[in-house]
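Dumped entry01.txt below, it's compact mmCIF, C-alpha atoms and all ligand atoms:
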# COMPACT_ATOMS: atom_id res chain seq x y z
CA MET A 1 1.20 64.68 101.24
CA SER A 2 2.43 67.84 102.93
CA VAL A 3 6.16 68.23 103.46
CA LYS A 4 7.17 69.90 106.74
CA LYS A 5 9.22 73.03 106.08
CA ALA A 6 12.68 72.94 107.73
CA CYS A 7 12.85 75.03 110.90
CA ARG A 8 15.10 78.00 110.43
CA GLY A 9 18.42 78.40 112.18
CA ALA A 10 19.14 81.23 114.61
CA LEU A 11 21.36 84.25 114.07
CA ILE A 12 23.59 84.47 117.12
CA VAL A 13 26.05 87.35 117.41
CA LEU A 14 28.98 87.80 119.78
CA GLU A 15 29.87 91.38 120.54
CA GLY A 16 32.12 93.14 123.02
CA CYS A 17 35.45 94.85 123.32
CA ASP A 18 38.63 93.66 121.71
CA ARG A 19 40.18 90.43 123.11
CA VAL A 20 37.22 89.64 125.36
CA GLY A 21 37.11 86.12 123.91
CA LYS A 22 34.48 86.40 121.17
CA THR A 23 36.36 84.28 118.61
CA THR A 24 37.22 81.59 121.17
CA GLN A 25 33.62 81.37 122.38
CA ALA A 26 32.08 81.53 118.89
CA LYS A 27 34.15 78.51 117.80
CA LEU A 28 33.22 76.53 120.93
CA LEU A 29 29.53 77.34 120.50
CA VAL A 30 29.55 76.05 116.92
CA GLU A 31 31.30 72.87 118.07
CA SER A 32 28.81 72.27 120.90
CA LEU A 33 25.77 72.95 118.72
CA LYS A 34 27.03 70.47 116.13
CA ASN A 35 27.76 67.89 118.85
CA ASN A 36 24.15 68.34 119.97
CA GLY A 37 22.88 67.61 116.45
CA LYS A 38 22.16 71.24 115.47
CA PRO A 39 23.65 72.39 112.15
CA ALA A 40 25.81 75.43 112.86
CA GLN A 41 28.37 77.57 111.10
CA LEU A 42 30.87 80.17 112.22
CA MET A 43 31.07 83.57 110.53
CA ASN A 44 33.10 86.61 111.39
CA PHE A 45 33.11 90.28 110.50
CA PRO A 46 35.14 91.76 109.11
CA ASP A 47 35.37 88.84 106.70
CA ARG A 48 38.91 89.54 105.56
CA THR A 49 38.80 86.98 102.70
CA THR A 50 36.69 89.03 100.24
CA ALA A 51 37.96 91.90 98.06
CA ILE A 52 36.36 94.42 100.45
CA GLY A 53 37.65 92.44 103.44
CA LYS A 54 41.22 92.63 102.09
CA MET A 55 40.99 96.45 102.04
CA LEU A 56 39.70 96.39 105.62
CA ASP A 57 42.54 94.09 106.64
CA GLN A 58 45.11 96.57 105.25
CA TYR A 59 43.33 99.41 107.01
CA LEU A 60 43.22 97.57 110.35
CA LYS A 61 46.90 96.65 110.06
CA GLN A 62 47.53 100.37 109.54
CA SER A 63 49.15 99.87 106.13
CA GLN A 64 46.43 101.92 104.42
CA GLU A 65 44.65 105.15 105.45
CA LEU A 66 40.99 105.70 104.50
CA ASP A 67 38.40 108.37 105.24
CA ASP A 68 36.29 107.43 108.32
CA HIS A 69 33.02 107.56 106.35
CA ALA A 70 34.45 105.45 103.54
CA VAL A 71 35.80 102.80 105.91
CA HIS A 72 32.47 102.63 107.74
CA LEU A 73 30.68 101.95 104.46
CA LEU A 74 33.25 99.27 103.59
CA PHE A 75 32.59 97.46 106.91
CA SER A 76 28.86 97.67 106.17
CA ALA A 77 29.32 96.48 102.56
CA ASN A 78 31.37 93.56 103.92
CA ARG A 79 28.21 92.46 105.79
CA TRP A 80 25.87 93.12 102.86
CA GLU A 81 27.97 90.97 100.53
CA CYS A 82 27.25 87.98 102.82
CA VAL A 83 23.49 88.52 103.24
CA SER A 84 22.22 86.16 100.54
CA SER A 85 24.36 83.27 101.80
CA MET A 86 23.40 84.04 105.42
CA GLU A 87 19.68 84.05 104.61
CA LYS A 88 19.98 80.81 102.63
CA LEU A 89 21.80 79.01 105.46
CA LEU A 90 19.38 80.30 108.10
CA GLN A 91 16.32 79.28 106.08
CA GLU A 92 17.84 75.82 105.52
CA GLY A 93 18.10 75.38 109.30
CA THR A 94 21.75 76.25 109.97
CA THR A 95 22.42 78.40 113.00
CA LEU A 96 25.01 81.10 112.34
CA VAL A 97 27.32 82.09 115.16
CA VAL A 98 28.72 85.44 114.11
CA ASP A 99 31.83 87.01 115.62
CA ARG A 100 31.06 90.80 115.47
CA TYR A 101 28.27 92.28 113.35
CA SER A 102 26.36 95.53 112.93
CA ASP A 103 26.78 96.81 116.51
CA SER A 104 30.57 96.71 116.07
CA GLY A 105 30.15 98.77 112.92
CA ILE A 106 28.17 101.46 114.72
CA ALA A 107 30.07 101.45 118.04
CA PHE A 108 33.52 101.73 116.43
CA SER A 109 32.66 104.32 113.77
CA ALA A 110 30.71 106.45 116.27
CA ALA A 111 33.77 106.33 118.58
CA LYS A 112 35.58 108.32 115.86
CA GLY A 113 32.89 111.00 116.06
CA LEU A 114 30.52 109.96 113.26
CA PRO A 115 26.81 110.36 114.15
CA VAL A 116 25.20 107.11 115.35
CA SER A 117 22.18 107.61 113.05
CA TRP A 118 24.47 107.97 110.02
CA CYS A 119 26.44 104.87 111.05
CA ALA A 120 23.27 102.80 111.56
CA ALA A 121 21.63 103.75 108.26
CA SER A 122 23.83 101.59 106.02
CA ASP A 123 23.04 98.46 108.08
CA SER A 124 19.25 98.92 108.06
CA GLY A 125 17.67 95.89 106.41
CA LEU A 126 20.39 93.39 107.34
CA PRO A 127 19.12 90.19 109.03
CA ARG A 128 18.39 90.98 112.68
CA PRO A 129 20.14 88.81 115.30
CA ASP A 130 17.96 86.52 117.43
CA LEU A 131 20.48 86.92 120.23
CA VAL A 132 23.44 89.21 120.85
CA LEU A 133 25.83 87.92 123.50
CA PHE A 134 27.61 91.01 124.72
CA LEU A 135 30.77 90.04 126.59
CA THR A 136 32.31 92.50 129.03
CA LEU A 137 35.76 92.54 130.61
CA GLY A 138 37.57 94.86 133.06
CA GLY A 139 40.26 97.09 131.55
CA THR A 140 43.25 95.55 133.34
CA GLU A 141 42.42 92.02 132.28
CA LEU A 142 41.73 93.25 128.74
CA SER A 143 45.13 94.83 128.11
CA SER A 144 46.93 91.72 129.43
CA ARG A 145 45.29 89.48 126.79
CA GLY A 146 47.52 88.12 123.98
CA GLY A 147 47.98 90.32 120.88
CA TYR A 148 46.32 93.47 122.30
CA GLY A 149 47.75 96.68 120.84
CA GLN A 150 48.84 95.33 117.46
CA GLU A 151 46.03 96.72 115.28
CA ARG A 152 44.25 100.02 114.77
CA TYR A 153 41.75 100.86 117.60
CA GLU A 154 43.62 98.74 120.18
CA GLU A 155 44.11 101.62 122.56
CA ASP A 156 42.38 102.06 125.95
CA SER A 157 40.67 105.47 125.53
CA PHE A 158 39.26 104.48 122.12
CA GLN A 159 37.99 101.17 123.53
CA GLN A 160 36.26 103.08 126.38
CA ARG A 161 34.39 105.23 123.86
CA VAL A 162 33.40 102.07 121.97
CA MET A 163 32.03 100.58 125.21
CA ARG A 164 29.97 103.72 125.89
CA ASN A 165 28.48 103.47 122.40
CA TYR A 166 27.69 99.79 122.82
CA ASN A 167 25.78 100.61 126.01
CA GLU A 168 23.52 102.93 124.02
CA LEU A 169 22.86 100.30 121.37
CA LYS A 170 21.54 97.58 123.74
CA ARG A 171 18.25 96.02 122.63
CA ASP A 172 15.87 93.48 124.19
CA TYR A 173 17.53 90.64 122.27
CA TRP A 174 20.90 91.36 123.94
CA ASN A 175 22.29 89.35 126.82
CA VAL A 176 25.17 90.97 128.71
CA VAL A 177 27.66 88.46 130.12
CA ASN A 178 30.53 89.42 132.40
CA ALA A 179 33.64 87.53 131.25
CA ASP A 180 35.88 88.77 134.09
CA GLU A 181 37.97 86.07 135.75
CA LYS A 182 36.15 83.28 133.95
CA SER A 183 38.05 80.51 132.24
CA VAL A 184 37.23 79.69 128.62
CA GLU A 185 35.29 76.63 129.82
CA GLN A 186 33.35 78.53 132.52
CA LEU A 187 32.29 81.19 130.06
CA HIS A 188 31.30 78.59 127.48
CA SER A 189 29.08 76.76 129.97
CA GLU A 190 27.35 80.08 130.74
CA LEU A 191 26.79 80.96 127.08
CA LEU A 192 25.69 77.58 125.73
CA PRO A 193 22.27 77.45 127.50
CA LEU A 194 21.50 80.99 126.27
CA VAL A 195 22.31 79.95 122.71
CA THR A 196 20.38 76.67 122.96
CA SER A 197 17.26 78.55 124.10
CA ALA A 198 17.63 81.12 121.32
CA VAL A 199 17.99 78.36 118.71
CA ALA A 200 14.80 76.67 119.97
CA ALA A 201 12.89 79.97 120.09
CA ALA A 202 13.94 80.99 116.56
CA GLU A 203 12.74 77.77 114.91
CA ASP A 204 9.20 78.92 114.14
CA LYS A 205 9.79 82.66 114.06
CA PRO A 206 10.33 84.72 110.91
CA LEU A 207 13.75 86.19 110.34
CA LEU A 208 13.51 89.92 111.05
CA THR A 209 15.61 92.74 109.67
CA LEU A 210 17.53 95.47 111.45
CA ASP A 211 15.50 98.63 111.62
CA TRP A 212 17.54 101.41 113.24
N1 LIG B 301 35.33 96.69 113.37
C1 LIG B 301 34.84 97.92 112.95
O1 LIG B 301 35.44 98.97 113.19
N2 LIG B 301 33.66 97.95 112.26
C2 LIG B 301 32.96 96.82 111.98
O2 LIG B 301 31.90 96.88 111.33
C3 LIG B 301 33.48 95.55 112.44
C4 LIG B 301 34.67 95.54 113.13
C5 LIG B 301 32.74 94.28 112.15
C6 LIG B 301 38.93 93.89 114.02
O3 LIG B 301 37.93 92.99 114.43
C7 LIG B 301 38.50 95.31 114.30
O4 LIG B 301 37.48 95.70 113.41
C8 LIG B 301 37.93 95.48 115.68
C9 LIG B 301 36.59 96.15 115.48
C10 LIG B 301 36.63 96.64 114.08
N3 LIG B 301 38.83 96.34 116.38
N4 LIG B 301 39.14 96.36 117.56
N5 LIG B 301 39.60 96.68 118.53
P1 LIG B 301 38.27 91.48 114.65
O5 LIG B 301 37.03 90.82 115.18
O6 LIG B 301 38.88 90.92 113.41
O7 LIG B 301 39.42 91.44 115.74
P2 LIG B 301 39.35 91.76 117.28
O8 LIG B 301 38.33 92.64 117.74
O9 LIG B 301 40.71 92.20 117.55
O10 LIG B 301 38.85 90.52 117.96
P3 LIG B 301 39.66 89.36 118.40
O11 LIG B 301 41.13 89.53 118.34
O12 LIG B 301 39.09 88.34 117.49
O13 LIG B 301 39.32 89.27 119.93
P4 LIG B 301 38.26 88.28 120.57
O14 LIG B 301 37.64 87.47 119.51
O15 LIG B 301 37.34 88.99 121.46
O16 LIG B 301 39.16 87.38 121.53
P5 LIG B 301 39.85 85.93 121.24
O17 LIG B 301 40.61 85.97 119.96
O18 LIG B 301 38.89 84.85 121.46
O19 LIG B 301 40.87 85.93 122.47
C11 LIG B 301 41.85 86.96 122.61
C12 LIG B 301 42.99 86.43 123.52
O20 LIG B 301 42.48 86.17 124.83
C13 LIG B 301 43.61 85.11 123.03
O21 LIG B 301 44.97 85.14 123.36
C14 LIG B 301 42.85 84.06 123.85
O22 LIG B 301 43.60 82.88 124.02
C15 LIG B 301 42.65 84.79 125.16
N6 LIG B 301 41.41 84.37 125.86
C16 LIG B 301 40.19 84.12 125.33
N7 LIG B 301 39.30 83.78 126.28
C17 LIG B 301 39.96 83.84 127.46
C18 LIG B 301 39.58 83.60 128.82
N8 LIG B 301 38.32 83.26 129.17
N9 LIG B 301 40.51 83.77 129.78
C19 LIG B 301 41.79 84.14 129.46
N10 LIG B 301 42.23 84.37 128.18
C20 LIG B 301 41.33 84.22 127.20

Would you mind writing the file's structure down as structure tokens?
Amino acid sequence: MSVKKACRGALIVLEGCDRVGKTTQAKLLVESLKNNGKPAQLMNFPDRTTAIGKMLDQYLKQSQELDDHAVHLLFSANRWECVSSMEKLLQEGTTLVVDRYSDSGIAFSAAKGLPVSWCAASDSGLPRPDLVLFLTLGGTELSSRGGYGQERYEEDSFQQRVMRNYNELKRDYWNVVNADEKSVEQLHSELLPLVTSAVAAAEDKPLLTLDW
């Protein structure tokens, strides 16, 4: 008797500028997928719970200074330390909804002046997203969002450089969604069908790796 192999889960990534609503939407997407009978799990980068993540947390809260190259490699290592558990969950059929991933790593470090090719190299070989939902928001609405300005990088000219870098990183598996003047619920109802299609499409496809 042949046993049908479990369909794999999809790797869904939310990207975009600070405070655009990635965390809010990622949580809602996981909830909706589960309600629709699809196993799903939330992940976020930086994962501030690991030893590397704790260093990044200190750095982001501006209580520790680090060389730009070193901090870039720490962000990348923070993804690499999760790869085996990500691959296992995906192969078992769990969809991962990930709040920031490799594109954040490149866009933010390159905004400090590091070469894009250097920034991308340390993430080559990571699992490749099936879908990147890239959320955009106008500057005025962005700076009025709760908590903006408390951490490192939360400054308008830096965020504009990050956005320019993101625009150069766009790939065919990206979907750009304008979040301007949309309520949490409106945005969720726009994102959910995109995610549902990506989950269905990923089921029989191999998991690819990032190849910058
Ligand atoms: N970083 C890096 O340099 N290199 C890397 O490799 C990685 C990251 C992975 C921390 O990331 C920093 O790390 C980040 C990039 C850098 N720096 N910046 N800038 P983080 O993900 O831990 O934290 P964050 O970028 O500051 O994200 P966030 O605070 O999680 O923002 P968000 O997820 O996009 O938004 P939110 O938390 O869902 O919502 C923000 C607020 O807006 C909150 O008050 C909500 O209630 C409100 N909100 C949400 N949606 C709406 C709508 N639709 N309408 C109105 N208000 C809303």

For Gly149 of chain A, find every residue with an atom within 12 Å (counting all atoms listed in the file), except residues of its own chain fewer than 6 positions away, and show them as a PDB file with C-alpha atoms, in the frame of the given file.
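Written output follows (part-v8.pdb):
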ATOM      1  CA  ASP A  18      38.630  93.660 121.710  1.00  0.00           C
ATOM      2  CA  ARG A  19      40.180  90.430 123.110  1.00  0.00           C
ATOM      3  CA  LEU A  60      43.220  97.570 110.350  1.00  0.00           C
ATOM      4  CA  LYS A  61      46.900  96.650 110.060  1.00  0.00           C
ATOM      5  CA  GLN A  62      47.530 100.370 109.540  1.00  0.00           C
ATOM      6  CA  LEU A 142      41.730  93.250 128.740  1.00  0.00           C
ATOM      7  CA  SER A 143      45.130  94.830 128.110  1.00  0.00           C
ATOM      8  CA  GLU A 155      44.110 101.620 122.560  1.00  0.00           C
ATOM      9  CA  ASP A 156      42.380 102.060 125.950  1.00  0.00           C
ATOM     10  CA  PHE A 158      39.260 104.480 122.120  1.00  0.00           C
ATOM     11  CA  GLN A 159      37.990 101.170 123.530  1.00  0.00           C
TER      12      GLN A 159
END

Contacts of Asn44 of chain A at 7 Å or less, counting all atoms listed in the file, minus same-chain residues fewer than 6 places along, as a PyMOL selection string? chain A and resi 98-100

Within 7 Å of ligand LIG 301 (chain B) (all atoms listed in the file), residues as an MDAnalysis selection string: chainID A and resid 16:25 44:46 60 72 75:76 99:102 104:106 108:109 145:147 152:154 159 179 181:184 187

Atom CA of Met86 of chain A and atom CA of Leu73 of chain A, how far apart in Å?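 Here the two named atoms are 19.4 Å from each other.
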
Ranking A:Gly37, A:His69, A:Glu81, A:Lys170 by minimum distance to Thr49 of chain A and counting all atoms listed in the file, which one comes first? A:Glu81

State, in Å with one decimal place, the distance from atom CA of Arg79 of chain A to atom CA of Gln160 of chain A.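 One can read the atom CA of Arg79 of chain A to atom CA of Gln160 of chain A distance as 24.5 Å.
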